[in-house]
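Shown next: coords-v3.cif, given as mmCIF, C-alpha atoms and all ligand atoms.
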data_work
#
loop_
_atom_site.label_atom_id
_atom_site.label_comp_id
_atom_site.auth_asym_id
_atom_site.auth_seq_id
_atom_site.Cartn_x
_atom_site.Cartn_y
_atom_site.Cartn_z
CA MET A 26 -47.64 90.07 -115.10
CA TYR A 27 -46.70 91.84 -118.28
CA LYS A 28 -43.11 92.79 -117.60
CA LYS A 29 -42.76 95.54 -120.14
CA GLY A 30 -45.23 97.87 -118.53
CA ARG A 31 -43.88 101.25 -117.60
CA ALA A 32 -40.11 101.22 -117.93
CA TRP A 33 -37.69 98.31 -118.20
CA ILE A 34 -34.23 96.99 -118.99
CA GLU A 35 -33.74 94.35 -121.68
CA LEU A 36 -30.69 92.13 -121.27
CA ASN A 37 -29.05 90.63 -124.34
CA ILE A 38 -27.37 87.54 -122.88
CA GLY A 39 -25.97 86.61 -126.32
CA ASN A 40 -23.96 89.83 -126.23
CA LEU A 41 -22.79 89.04 -122.69
CA LYS A 42 -21.53 85.63 -123.90
CA HIS A 43 -19.80 87.34 -126.81
CA ASN A 44 -18.03 89.73 -124.43
CA ILE A 45 -16.95 86.85 -122.18
CA GLU A 46 -15.39 85.15 -125.22
CA GLN A 47 -13.63 88.37 -126.24
CA PHE A 48 -12.12 88.70 -122.77
CA ARG A 49 -11.16 85.05 -122.61
CA SER A 50 -9.34 85.35 -125.93
CA LEU A 51 -7.44 88.33 -124.58
CA LEU A 52 -6.32 86.81 -121.28
CA PRO A 53 -3.75 84.05 -120.71
CA PHE A 54 -5.52 80.68 -120.80
CA ASP A 55 -5.00 80.02 -117.08
CA CYS A 56 -6.44 83.38 -116.00
CA ALA A 57 -10.13 83.11 -115.06
CA LEU A 58 -12.70 85.86 -115.19
CA MET A 59 -13.98 87.03 -111.82
CA PRO A 60 -16.68 89.44 -112.96
CA ALA A 61 -17.64 92.45 -110.87
CA VAL A 62 -21.38 92.15 -110.34
CA LYS A 63 -21.52 94.84 -107.69
CA ALA A 64 -24.16 97.60 -107.70
CA ASN A 65 -26.75 95.19 -109.04
CA ALA A 66 -24.36 94.16 -111.83
CA TYR A 67 -23.84 97.79 -112.83
CA GLY A 68 -27.60 98.25 -112.90
CA HIS A 69 -28.16 95.29 -115.21
CA GLY A 70 -29.60 93.05 -112.48
CA ALA A 71 -27.18 91.02 -110.34
CA VAL A 72 -29.22 87.81 -110.22
CA PRO A 73 -29.94 87.33 -113.96
CA VAL A 74 -26.41 88.45 -114.91
CA ALA A 75 -24.63 86.24 -112.34
CA HIS A 76 -26.68 83.22 -113.41
CA ALA A 77 -25.90 83.86 -117.08
CA LEU A 78 -22.21 84.07 -116.15
CA GLN A 79 -22.43 80.91 -114.05
CA ASN A 80 -23.98 79.12 -117.05
CA GLU A 81 -20.90 80.14 -119.06
CA GLY A 82 -18.64 78.37 -116.56
CA ILE A 83 -17.69 81.35 -114.45
CA HIS A 84 -17.18 80.36 -110.81
CA ALA A 85 -15.84 83.49 -109.12
CA PHE A 86 -17.56 86.83 -108.63
CA CYS A 87 -16.92 90.07 -106.82
CA VAL A 88 -19.43 92.33 -105.12
CA ALA A 89 -19.06 95.54 -103.13
CA SER A 90 -21.04 94.66 -100.03
CA LEU A 91 -22.10 91.81 -97.80
CA ALA A 92 -25.77 92.24 -98.76
CA GLU A 93 -24.91 91.92 -102.45
CA GLY A 94 -23.06 88.69 -101.70
CA ILE A 95 -25.98 87.29 -99.72
CA GLU A 96 -28.39 88.13 -102.54
CA LEU A 97 -26.30 86.10 -105.00
CA ARG A 98 -25.90 83.17 -102.63
CA LEU A 99 -29.64 83.02 -101.90
CA SER A 100 -30.34 83.09 -105.65
CA GLY A 101 -28.26 79.93 -106.17
CA ILE A 102 -24.79 81.18 -107.11
CA THR A 103 -22.40 78.45 -105.97
CA GLY A 104 -18.94 79.80 -106.85
CA GLU A 105 -16.61 82.03 -104.91
CA ILE A 106 -18.02 85.41 -103.95
CA LEU A 107 -15.54 88.06 -102.85
CA VAL A 108 -16.79 91.10 -100.92
CA LEU A 109 -14.49 93.90 -102.11
CA GLY A 110 -15.55 96.47 -99.55
CA TYR A 111 -16.03 97.00 -95.83
CA THR A 112 -18.13 94.66 -93.72
CA HIS A 113 -19.01 95.76 -90.19
CA PRO A 114 -17.74 93.34 -87.51
CA ALA A 115 -21.32 93.01 -86.18
CA GLU A 116 -22.15 91.30 -89.49
CA PHE A 117 -19.15 88.94 -89.63
CA SER A 118 -21.37 85.95 -88.85
CA ASP A 119 -23.05 86.35 -92.25
CA LEU A 120 -19.68 85.89 -93.97
CA ILE A 121 -19.60 82.40 -92.55
CA ALA A 122 -23.32 81.68 -92.90
CA TYR A 123 -23.28 82.52 -96.62
CA ASP A 124 -19.76 81.29 -97.39
CA LEU A 125 -18.46 84.65 -98.58
CA ILE A 126 -14.84 85.77 -98.91
CA GLN A 127 -14.09 89.03 -97.14
CA THR A 128 -11.43 91.51 -98.26
CA VAL A 129 -8.89 92.34 -95.58
CA ILE A 130 -8.81 96.08 -96.13
CA ASP A 131 -5.72 96.73 -93.96
CA GLY A 132 -3.73 95.36 -91.06
CA ASP A 133 -6.02 96.79 -88.37
CA TYR A 134 -9.03 95.22 -90.01
CA ALA A 135 -7.19 91.88 -90.12
CA ARG A 136 -6.63 92.10 -86.34
CA GLN A 137 -10.33 92.79 -85.81
CA MET A 138 -11.15 89.66 -87.80
CA GLN A 139 -8.50 87.64 -85.98
CA ASP A 140 -9.77 88.82 -82.56
CA ASP A 141 -13.36 87.86 -83.43
CA GLY A 142 -12.38 84.28 -82.69
CA ARG A 143 -14.09 82.61 -85.61
CA ARG A 144 -12.30 81.52 -88.77
CA PHE A 145 -12.82 83.57 -91.95
CA THR A 146 -11.84 83.06 -95.56
CA VAL A 147 -10.25 86.24 -96.89
CA HIS A 148 -8.41 87.88 -99.76
CA VAL A 149 -5.85 90.43 -98.66
CA GLY A 150 -6.13 93.83 -100.36
CA ILE A 151 -2.80 95.45 -101.24
CA ASP A 152 -2.39 99.17 -101.84
CA THR A 153 0.01 99.51 -104.76
CA GLY A 154 -0.68 103.17 -105.44
CA MET A 155 -4.40 103.95 -105.52
CA HIS A 156 -4.37 104.65 -101.77
CA ARG A 157 -7.97 103.60 -101.19
CA LEU A 158 -8.19 100.16 -99.57
CA GLY A 159 -5.43 97.66 -98.92
CA GLU A 160 -2.34 97.29 -96.78
CA ARG A 161 0.60 99.19 -98.23
CA TRP A 162 2.65 97.09 -100.67
CA ASP A 163 5.89 98.23 -99.01
CA ASN A 164 4.72 97.14 -95.56
CA MET A 165 5.68 93.53 -96.18
CA LYS A 166 6.06 92.77 -92.47
CA GLU A 167 2.39 93.60 -91.88
CA ILE A 168 1.26 91.62 -94.95
CA VAL A 169 3.12 88.54 -93.72
CA ARG A 170 1.66 89.06 -90.24
CA ILE A 171 -1.82 88.97 -91.79
CA PHE A 172 -0.97 85.76 -93.69
CA ARG A 173 0.14 84.17 -90.40
CA MET A 174 -3.03 85.00 -88.45
CA PRO A 175 -4.46 81.63 -87.40
CA ASN A 176 -8.10 82.69 -87.76
CA LEU A 177 -7.64 83.98 -91.30
CA LYS A 178 -7.66 81.53 -94.15
CA VAL A 179 -6.02 83.63 -96.86
CA THR A 180 -7.00 82.29 -100.28
CA GLY A 181 -6.13 85.37 -102.30
CA VAL A 182 -4.25 88.62 -102.59
CA PHE A 183 -5.20 91.48 -104.85
CA SER A 184 -4.71 95.11 -105.74
CA HIS A 185 -6.47 97.69 -107.91
CA LEU A 186 -5.17 99.92 -110.71
CA CYS A 187 -6.18 103.58 -110.73
CA VAL A 188 -5.01 104.95 -114.09
CA SER A 189 -5.08 101.84 -116.30
CA ASP A 190 -7.63 103.53 -118.59
CA GLY A 191 -5.15 106.27 -119.47
CA GLN A 192 -2.69 106.13 -122.37
CA SER A 193 -0.36 108.96 -121.48
CA LYS A 194 3.28 108.17 -120.74
CA GLU A 195 2.77 109.12 -117.08
CA GLU A 196 -0.29 106.91 -116.70
CA ARG A 197 1.39 103.93 -118.34
CA THR A 198 4.48 104.39 -116.18
CA TYR A 199 2.35 104.61 -113.03
CA THR A 200 0.42 101.47 -113.96
CA MET A 201 3.59 99.52 -114.75
CA GLN A 202 4.86 100.59 -111.33
CA GLN A 203 1.66 99.34 -109.65
CA ILE A 204 2.00 96.01 -111.48
CA HIS A 205 5.62 95.81 -110.34
CA HIS A 206 4.71 96.56 -106.70
CA PHE A 207 2.06 93.85 -106.77
CA GLU A 208 4.48 91.32 -108.27
CA CYS A 209 7.02 92.19 -105.57
CA VAL A 210 4.45 91.39 -102.86
CA VAL A 211 3.49 88.08 -104.51
CA GLU A 212 7.13 87.05 -104.98
CA GLU A 213 8.01 87.88 -101.39
CA LEU A 214 5.03 85.83 -100.14
CA TYR A 215 6.27 82.91 -102.24
CA ARG A 216 9.78 83.35 -100.86
CA GLN A 217 8.36 83.16 -97.35
CA GLY A 218 6.67 79.87 -98.17
CA PHE A 219 3.08 80.92 -98.84
CA ARG A 220 1.89 79.19 -102.00
CA ASP A 221 -1.77 78.42 -101.75
CA PHE A 222 -3.40 81.68 -102.76
CA LYS A 223 -4.79 83.33 -105.90
CA CYS A 224 -3.64 86.71 -107.24
CA HIS A 225 -5.66 89.29 -109.13
CA LEU A 226 -5.05 92.86 -110.19
CA GLN A 227 -6.84 93.92 -113.36
CA GLY A 228 -10.28 95.45 -113.82
CA SER A 229 -11.69 96.11 -117.30
CA TYR A 230 -9.07 98.59 -118.41
CA GLY A 231 -6.30 96.56 -116.83
CA ILE A 232 -7.39 93.67 -119.04
CA LEU A 233 -7.86 95.80 -122.15
CA ASN A 234 -4.61 97.76 -121.87
CA TYR A 235 -2.36 95.34 -119.96
CA SER A 236 -3.56 91.95 -121.16
CA GLN A 237 -0.02 90.53 -121.02
CA CYS A 238 -0.29 90.40 -117.20
CA CYS A 239 -0.46 86.89 -115.89
CA PHE A 240 -2.55 86.44 -112.76
CA ASP A 241 -5.12 83.88 -111.61
CA TYR A 242 -8.21 86.07 -111.93
CA ALA A 243 -9.24 89.23 -113.76
CA ARG A 244 -12.05 91.33 -112.27
CA ALA A 245 -13.86 92.52 -115.38
CA GLY A 246 -16.64 95.01 -114.73
CA ILE A 247 -17.94 97.74 -117.01
CA ALA A 248 -16.44 96.42 -120.26
CA LEU A 249 -17.88 92.95 -119.73
CA TYR A 250 -21.26 94.62 -120.09
CA GLY A 251 -20.09 95.94 -123.45
CA ILE A 252 -19.74 99.50 -122.24
CA TYR A 253 -16.70 101.75 -122.09
CA SER A 254 -16.48 104.28 -119.27
CA ALA A 255 -16.27 107.18 -121.70
CA LYS A 256 -17.09 107.68 -125.35
CA ASN A 257 -13.56 108.39 -126.49
CA ASP A 258 -11.74 105.73 -124.51
CA HIS A 259 -9.00 104.24 -126.62
CA THR A 260 -7.72 100.86 -125.59
CA LYS A 261 -4.80 98.75 -126.68
CA ALA A 262 -6.91 95.64 -127.15
CA ALA A 263 -8.38 94.61 -130.49
CA VAL A 264 -11.72 93.49 -129.09
CA GLU A 265 -15.22 94.15 -130.23
CA LEU A 266 -17.61 94.48 -127.30
CA ARG A 267 -21.39 94.49 -127.56
CA PRO A 268 -23.75 96.26 -125.14
CA VAL A 269 -25.83 93.94 -122.97
CA LEU A 270 -28.36 96.48 -121.72
CA SER A 271 -31.14 98.43 -123.39
CA LEU A 272 -33.24 100.89 -121.40
CA LYS A 273 -36.77 101.44 -122.60
CA THR A 274 -39.93 103.14 -121.48
CA ARG A 275 -43.46 103.80 -122.60
CA VAL A 276 -45.02 106.82 -124.28
CA GLU A 277 -47.83 107.64 -121.83
CA SER A 278 -49.53 110.50 -123.57
CA VAL A 279 -49.08 112.72 -126.65
CA LYS A 280 -50.43 116.25 -126.92
CA THR A 281 -50.06 119.56 -128.72
CA LEU A 282 -48.11 122.40 -127.17
CA TYR A 283 -48.97 125.74 -128.78
CA HIS A 284 -46.44 128.39 -129.72
CA GLY A 285 -45.11 130.20 -126.62
CA GLU A 286 -46.44 127.71 -124.05
CA GLY A 287 -44.04 126.30 -121.48
CA ALA A 288 -43.77 122.72 -120.24
CA GLY A 289 -42.61 120.91 -117.11
CA TYR A 290 -41.45 122.09 -113.68
CA GLY A 291 -40.13 125.64 -113.77
CA LEU A 292 -41.41 126.01 -117.35
CA THR A 293 -37.77 125.82 -118.46
CA TYR A 294 -38.85 124.87 -121.98
CA SER A 295 -41.10 126.97 -124.15
CA ALA A 296 -42.47 126.04 -127.55
CA ARG A 297 -41.32 127.83 -130.69
CA GLY A 298 -44.15 127.16 -133.07
CA ASN A 299 -46.75 124.50 -132.35
CA ARG A 300 -45.13 121.25 -131.13
CA ARG A 301 -46.26 117.70 -130.47
CA ILE A 302 -44.90 116.54 -127.14
CA ALA A 303 -44.92 113.15 -125.43
CA ALA A 304 -44.77 112.24 -121.74
CA LEU A 305 -42.62 109.16 -120.97
CA SER A 306 -43.06 107.00 -117.88
CA ILE A 307 -39.49 107.16 -116.54
CA GLY A 308 -37.68 109.77 -114.46
CA TYR A 309 -34.78 110.52 -112.17
CA ALA A 310 -36.01 108.10 -109.49
CA ASP A 311 -35.35 105.41 -112.11
CA GLY A 312 -31.81 106.73 -112.62
CA ILE A 313 -32.31 109.12 -115.53
CA PRO A 314 -29.91 111.97 -114.70
CA ARG A 315 -31.63 115.29 -114.10
CA GLU A 316 -28.73 116.81 -116.05
CA LEU A 317 -30.52 115.59 -119.20
CA SER A 318 -33.20 118.27 -118.70
CA ASN A 319 -33.50 120.11 -122.04
CA SER A 320 -30.58 118.16 -123.51
CA GLY A 321 -30.05 114.91 -125.33
CA TYR A 322 -32.75 112.82 -126.95
CA VAL A 323 -34.51 109.44 -126.87
CA LEU A 324 -35.43 107.19 -129.80
CA CYS A 325 -39.02 106.67 -130.73
CA ASN A 326 -40.00 104.52 -133.72
CA GLY A 327 -36.44 104.77 -135.03
CA LYS A 328 -36.32 108.57 -134.89
CA MET A 329 -34.79 111.09 -132.50
CA ALA A 330 -37.09 112.81 -130.01
CA PRO A 331 -35.30 115.65 -128.14
CA ILE A 332 -35.71 115.81 -124.36
CA ILE A 333 -37.56 118.98 -123.34
CA GLY A 334 -38.17 120.52 -119.92
CA ARG A 335 -36.90 119.22 -116.62
CA ILE A 336 -36.61 115.50 -115.95
CA CYS A 337 -39.22 114.72 -113.25
CA MET A 338 -38.99 112.05 -110.56
CA ASP A 339 -41.13 109.53 -112.47
CA GLN A 340 -41.64 111.07 -115.90
CA MET A 341 -40.02 113.15 -118.61
CA LEU A 342 -41.08 115.02 -121.74
CA VAL A 343 -39.81 114.72 -125.30
CA ASP A 344 -40.58 116.51 -128.55
CA VAL A 345 -42.16 114.20 -131.14
CA THR A 346 -43.16 116.85 -133.67
CA ASP A 347 -41.03 115.10 -136.32
CA ILE A 348 -42.57 111.69 -135.52
CA PRO A 349 -46.24 112.39 -136.34
CA TRP A 350 -47.19 108.74 -135.94
CA ALA A 351 -45.93 108.58 -132.31
CA LYS A 352 -48.77 107.66 -129.96
CA ALA A 353 -49.50 106.56 -126.42
CA GLY A 354 -48.37 102.99 -125.81
CA ASP A 355 -45.31 103.22 -128.10
CA GLU A 356 -41.87 102.28 -126.82
CA ALA A 357 -39.17 104.90 -126.34
CA VAL A 358 -35.50 103.92 -126.11
CA LEU A 359 -33.16 105.77 -123.75
CA ILE A 360 -30.18 103.44 -124.14
CA GLY A 361 -29.99 101.02 -127.03
CA ARG A 362 -31.20 100.64 -130.58
CA SER A 363 -34.36 101.66 -132.41
CA GLY A 364 -34.46 101.11 -136.16
CA ASP A 365 -31.17 102.29 -137.62
CA LEU A 366 -30.31 104.54 -134.70
CA GLU A 367 -28.56 103.71 -131.45
CA ILE A 368 -27.93 105.62 -128.23
CA PRO A 369 -24.96 104.03 -126.42
CA ALA A 370 -24.66 104.42 -122.64
CA GLU A 371 -21.44 106.36 -123.29
CA GLU A 372 -23.48 109.00 -125.16
CA VAL A 373 -25.92 109.48 -122.27
CA ALA A 374 -22.94 109.72 -119.91
CA GLN A 375 -21.46 112.48 -122.03
CA TRP A 376 -24.74 114.44 -122.03
CA ALA A 377 -24.87 114.13 -118.24
CA GLY A 378 -21.20 115.04 -117.74
CA THR A 379 -20.26 111.73 -116.13
CA ILE A 380 -19.02 108.23 -116.99
CA SER A 381 -21.25 105.42 -118.20
CA ASN A 382 -20.45 103.40 -115.04
CA GLU A 383 -22.43 105.95 -113.02
CA ILE A 384 -25.30 106.05 -115.53
CA VAL A 385 -25.93 102.31 -115.53
CA SER A 386 -25.15 101.58 -111.87
CA ARG A 387 -27.81 104.08 -110.80
CA LEU A 388 -30.60 102.50 -112.84
CA GLY A 389 -33.28 101.94 -110.26
CA LYS A 390 -35.14 99.14 -108.58
CA ARG A 391 -38.44 100.04 -110.26
CA LEU A 392 -37.13 98.96 -113.66
CA GLU A 393 -37.93 95.38 -114.55
CA ARG A 394 -34.97 93.39 -115.84
CA VAL A 395 -36.15 91.33 -118.81
CA VAL A 396 -33.85 88.64 -120.21
CA GLU A 397 -34.27 88.50 -123.99
C1 LIG A 401 -15.41 97.90 -109.43
C2 LIG A 401 -14.13 97.20 -109.29
C3 LIG A 401 -13.64 96.42 -110.34
C4 LIG A 401 -14.26 96.40 -111.72
O1 LIG A 401 -13.90 97.60 -112.36
P1 LIG A 401 -14.29 97.91 -113.88
O2 LIG A 401 -13.47 99.11 -114.21
O3 LIG A 401 -15.76 98.20 -113.92
O4 LIG A 401 -13.93 96.73 -114.69
C5 LIG A 401 -12.49 95.68 -110.10
N1 LIG A 401 -11.87 95.73 -108.90
C6 LIG A 401 -12.30 96.50 -107.88
C7 LIG A 401 -11.55 96.49 -106.59
C8 LIG A 401 -13.44 97.26 -108.04
O5 LIG A 401 -13.86 98.04 -107.03
#

So, in terms of structure tokens, how does the structure I just supplied come out?
Amino acid sequence: MYKKGRAWIELNIGNLKHNIEQFRSLLPFDCALMPAVKANAYGHGAVPVAHALQNEGIHAFCVASLAEGIELRLSGITGEILVLGYTHPAEFSDLIAYDLIQTVIDGDYARQMQDDGRRFTVHVGIDTGMHRLGERWDNMKEIVRIFRMPNLKVTGVFSHLCVSDGQSKEERTYTMQQIHHFECVVEELYRQGFRDFKCHLQGSYGILNYSQCCFDYARAGIALYGIYSAKNDHTKAAVELRPVLSLKTRVESVKTLYHGEGAGYGLTYSARGNRRIAALSIGYADGIPRELSNSGYVLCNGKMAPIIGRICMDQMLVDVTDIPWAKAGDEAVLIGRSGDLEIPAEEVAQWAGTISNEIVSRLGKRLERVVE
């Protein structure tokens, strides 16, 4: 089958390797990367990305759900796979069957696992200030109780930073406090004789802005894919990251729209002067935000083609008046490079009023993932 049919994602594995090296150079030598490959590797394709990472010597991964962990295991990923989120007790048997590590999301959840009767490998989540998942850092009694549960084999303890992307004095103070809370928990566990567990705290921005931290793993997500959450994110780290993903589609049809004619659902666009317009075979069901209706542009033959009309479920329209040689069958680039121009994911996120994490993680199942 010709993979580049209708709409597709191209993965630049060379850029992924480059980003891995940048992160490795930033982190202490004994801190290993534990990439976040949840949400289909932020839309990139969990299986091809995880295998590329495994080929680079990475042996620990994190996912959001049990099903994501199973997908990786079935595809031949052999390292540790940590499920960061909630798993229903009715599905606990799959944790064992697929050798997955479950996050203990609080003390009550630990008791549920303990009472199940089988033995599970877990990492204990600690709430150091985000107040999402994790047992409270200052509830040391409960944390120790979890560590002592005979049916839980605790091989790790971790927390998550919630303002590590920010550079204000308040945000830096809050993050330093979270780091301190986490270190207090780890030290107390050591004092009580627990030694045989890994610690991890940082996501992408924790690595980029607090690279002096010294833990066993770092859970790099968005930045490992060469993408910043927002266009104007400033980080402390002197790294150069390269985008792994390009998003491309096909020009299906080109036609003339005469002065005053409307186009698309609701006729929200109307032509001023005669225009050449092109229909592209990608839409919001593929993850193109409907917020891009009548805003932003795509690249076609190295030139900008403004988006016109409403984004449809499976298609969208662009204005190619200034690209007279554009024709059916041409490629159009929604994220990535064409000639001398480039649309970064951060730019699309800004047009849509969101962060690039949301843009890429919503890229749909219909898009083929093509490894370049
Ligand atoms: C998603 C996630 C990460 C990765 O975050 P990035 O900001 O994308 O690097 C790390 N840890 C946890 C708990 C997460 O949910």

Counting all atoms listed in the file, give me one row per residue of chain A with an atom at most 10 Å from an atom of ligand LIG 401 (chain A), showing the shortest contact pair and its distance in Å to one decimal, sorted by chain then residue number, as JSON lines.
{"residue": "A:Met59", "atom": "CA", "partner": "A:LIG401", "partner_atom": "C5", "distance": 8.9}
{"residue": "A:Pro60", "atom": "CA", "partner": "A:LIG401", "partner_atom": "C4", "distance": 7.5}
{"residue": "A:Ala61", "atom": "CA", "partner": "A:LIG401", "partner_atom": "C4", "distance": 5.3}
{"residue": "A:Val62", "atom": "CA", "partner": "A:LIG401", "partner_atom": "C1", "distance": 8.3}
{"residue": "A:Lys63", "atom": "CA", "partner": "A:LIG401", "partner_atom": "C1", "distance": 7.1}
{"residue": "A:Ala64", "atom": "CA", "partner": "A:LIG401", "partner_atom": "C1", "distance": 8.9}
{"residue": "A:Ala66", "atom": "CA", "partner": "A:LIG401", "partner_atom": "O3", "distance": 9.7}
{"residue": "A:Tyr67", "atom": "CA", "partner": "A:LIG401", "partner_atom": "O3", "distance": 8.2}
{"residue": "A:Cys87", "atom": "CA", "partner": "A:LIG401", "partner_atom": "C5", "distance": 7.9}
{"residue": "A:Val88", "atom": "CA", "partner": "A:LIG401", "partner_atom": "C1", "distance": 8.1}
{"residue": "A:Ala89", "atom": "CA", "partner": "A:LIG401", "partner_atom": "O5", "distance": 7.0}
{"residue": "A:Val108", "atom": "CA", "partner": "A:LIG401", "partner_atom": "C7", "distance": 9.4}
{"residue": "A:Leu109", "atom": "CA", "partner": "A:LIG401", "partner_atom": "C7", "distance": 6.0}
{"residue": "A:Gly110", "atom": "CA", "partner": "A:LIG401", "partner_atom": "O5", "distance": 7.8}
{"residue": "A:Thr128", "atom": "CA", "partner": "A:LIG401", "partner_atom": "C7", "distance": 9.7}
{"residue": "A:Gly150", "atom": "CA", "partner": "A:LIG401", "partner_atom": "C7", "distance": 8.7}
{"residue": "A:Arg157", "atom": "CA", "partner": "A:LIG401", "partner_atom": "C7", "distance": 9.6}
{"residue": "A:Leu158", "atom": "CA", "partner": "A:LIG401", "partner_atom": "C7", "distance": 8.6}
{"residue": "A:Gly159", "atom": "CA", "partner": "A:LIG401", "partner_atom": "C7", "distance": 9.9}
{"residue": "A:Phe183", "atom": "CA", "partner": "A:LIG401", "partner_atom": "C7", "distance": 8.3}
{"residue": "A:Ser184", "atom": "CA", "partner": "A:LIG401", "partner_atom": "C7", "distance": 7.0}
{"residue": "A:His185", "atom": "CA", "partner": "A:LIG401", "partner_atom": "C7", "distance": 5.4}
{"residue": "A:Leu186", "atom": "CA", "partner": "A:LIG401", "partner_atom": "N1", "distance": 8.1}
{"residue": "A:Cys187", "atom": "CA", "partner": "A:LIG401", "partner_atom": "O2", "distance": 9.2}
{"residue": "A:Ser189", "atom": "CA", "partner": "A:LIG401", "partner_atom": "O2", "distance": 9.1}
{"residue": "A:Asp190", "atom": "CA", "partner": "A:LIG401", "partner_atom": "O2", "distance": 8.5}
{"residue": "A:His225", "atom": "CA", "partner": "A:LIG401", "partner_atom": "N1", "distance": 8.9}
{"residue": "A:Leu226", "atom": "CA", "partner": "A:LIG401", "partner_atom": "N1", "distance": 7.5}
{"residue": "A:Gln227", "atom": "CA", "partner": "A:LIG401", "partner_atom": "C5", "distance": 6.8}
{"residue": "A:Gly228", "atom": "CA", "partner": "A:LIG401", "partner_atom": "O4", "distance": 4.0}
{"residue": "A:Ser229", "atom": "CA", "partner": "A:LIG401", "partner_atom": "O4", "distance": 3.5}
{"residue": "A:Tyr230", "atom": "CA", "partner": "A:LIG401", "partner_atom": "O2", "distance": 6.1}
{"residue": "A:Gly231", "atom": "CA", "partner": "A:LIG401", "partner_atom": "O4", "distance": 7.9}
{"residue": "A:Ile232", "atom": "CA", "partner": "A:LIG401", "partner_atom": "O4", "distance": 8.4}
{"residue": "A:Leu233", "atom": "CA", "partner": "A:LIG401", "partner_atom": "O4", "distance": 9.7}
{"residue": "A:Ala243", "atom": "CA", "partner": "A:LIG401", "partner_atom": "C5", "distance": 8.1}
{"residue": "A:Arg244", "atom": "CA", "partner": "A:LIG401", "partner_atom": "C5", "distance": 4.9}
{"residue": "A:Ala245", "atom": "CA", "partner": "A:LIG401", "partner_atom": "O4", "distance": 4.3}
{"residue": "A:Gly246", "atom": "CA", "partner": "A:LIG401", "partner_atom": "O4", "distance": 3.2}
{"residue": "A:Ile247", "atom": "CA", "partner": "A:LIG401", "partner_atom": "O3", "distance": 3.8}
{"residue": "A:Ala248", "atom": "CA", "partner": "A:LIG401", "partner_atom": "O4", "distance": 6.1}
{"residue": "A:Leu249", "atom": "CA", "partner": "A:LIG401", "partner_atom": "O4", "distance": 7.4}
{"residue": "A:Tyr250", "atom": "CA", "partner": "A:LIG401", "partner_atom": "O3", "distance": 9.0}
{"residue": "A:Ile252", "atom": "CA", "partner": "A:LIG401", "partner_atom": "O3", "distance": 9.3}
{"residue": "A:Tyr253", "atom": "CA", "partner": "A:LIG401", "partner_atom": "O2", "distance": 8.9}
{"residue": "A:Ser254", "atom": "CA", "partner": "A:LIG401", "partner_atom": "O2", "distance": 7.8}
{"residue": "A:Asn382", "atom": "CA", "partner": "A:LIG401", "partner_atom": "O3", "distance": 7.1}

message = Using only C-alpha atoms, can you tell me which of A:Cys337, A:Leu51, A:Val72, A:Ser295 comes closest to A:Tyr235?
response =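 So, comparing all the options, the nearest one is A:Leu51.
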
request  = Could you please determine the separation between atom CA of A:Lys280 and atom CA of A:Tyr294 in Å, to one decimal place?
outcome  =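 Atom-to-atom, atom CA of A:Lys280 and atom CA of A:Tyr294 are spaced 15.3 Å apart.
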
key: Test item: residues at most 12 Å from stretch 213-216 of chain A, all atoms listed in the file, excluding those fewer than 5 positions along its chain, as a list in words   =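 With the cut-off at 12 Å, the set is Val149, Trp162, Asp163, Asn164, Met165, Lys166, Glu167, Ile168, Val169, Arg170, Ile171, Phe172, Arg173, Val179, Gly181, Val182, His206, Phe207, Glu208, Asp221, Phe222, Lys223 and Cys224 of chain A.
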
Writer output for current selection, C-alpha atoms, as an mmCIF file, in the frame of the given file:
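For reference, part36.cif as written:
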data_model
loop_
_atom_site.group_PDB
_atom_site.id
_atom_site.type_symbol
_atom_site.label_atom_id
_atom_site.label_comp_id
_atom_site.auth_asym_id
_atom_site.auth_seq_id
_atom_site.Cartn_x
_atom_site.Cartn_y
_atom_site.Cartn_z
ATOM 1 C CA VAL A 149 -5.850 90.430 -98.660
ATOM 2 C CA TRP A 162 2.650 97.090 -100.670
ATOM 3 C CA ASP A 163 5.890 98.230 -99.010
ATOM 4 C CA ASN A 164 4.720 97.140 -95.560
ATOM 5 C CA MET A 165 5.680 93.530 -96.180
ATOM 6 C CA LYS A 166 6.060 92.770 -92.470
ATOM 7 C CA GLU A 167 2.390 93.600 -91.880
ATOM 8 C CA ILE A 168 1.260 91.620 -94.950
ATOM 9 C CA VAL A 169 3.120 88.540 -93.720
ATOM 10 C CA ARG A 170 1.660 89.060 -90.240
ATOM 11 C CA ILE A 171 -1.820 88.970 -91.790
ATOM 12 C CA PHE A 172 -0.970 85.760 -93.690
ATOM 13 C CA ARG A 173 0.140 84.170 -90.400
ATOM 14 C CA VAL A 179 -6.020 83.630 -96.860
ATOM 15 C CA GLY A 181 -6.130 85.370 -102.300
ATOM 16 C CA VAL A 182 -4.250 88.620 -102.590
ATOM 17 C CA HIS A 206 4.710 96.560 -106.700
ATOM 18 C CA PHE A 207 2.060 93.850 -106.770
ATOM 19 C CA GLU A 208 4.480 91.320 -108.270
ATOM 20 C CA ASP A 221 -1.770 78.420 -101.750
ATOM 21 C CA PHE A 222 -3.400 81.680 -102.760
ATOM 22 C CA LYS A 223 -4.790 83.330 -105.900
ATOM 23 C CA CYS A 224 -3.640 86.710 -107.240
#

query = How many Å separate atom CA of A:Gly364 from atom CA of A:Cys325?
reply =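 Atom CA of A:Gly364 sits 9.0 Å away from atom CA of A:Cys325.
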
note = note - atom CA of A:Asn65 and atom CA of A:Gly154 are separated by 27.5 Å

query = Leaving out A:Arg267 and any residue of its chain fewer than 3 positions from it, which residues lie within 10 Å of it when counting all atoms listed in the file, given as an NGL selection string?
reply = :A and (37 or 39-44 or 47 or 248-252 or 264 or 270)
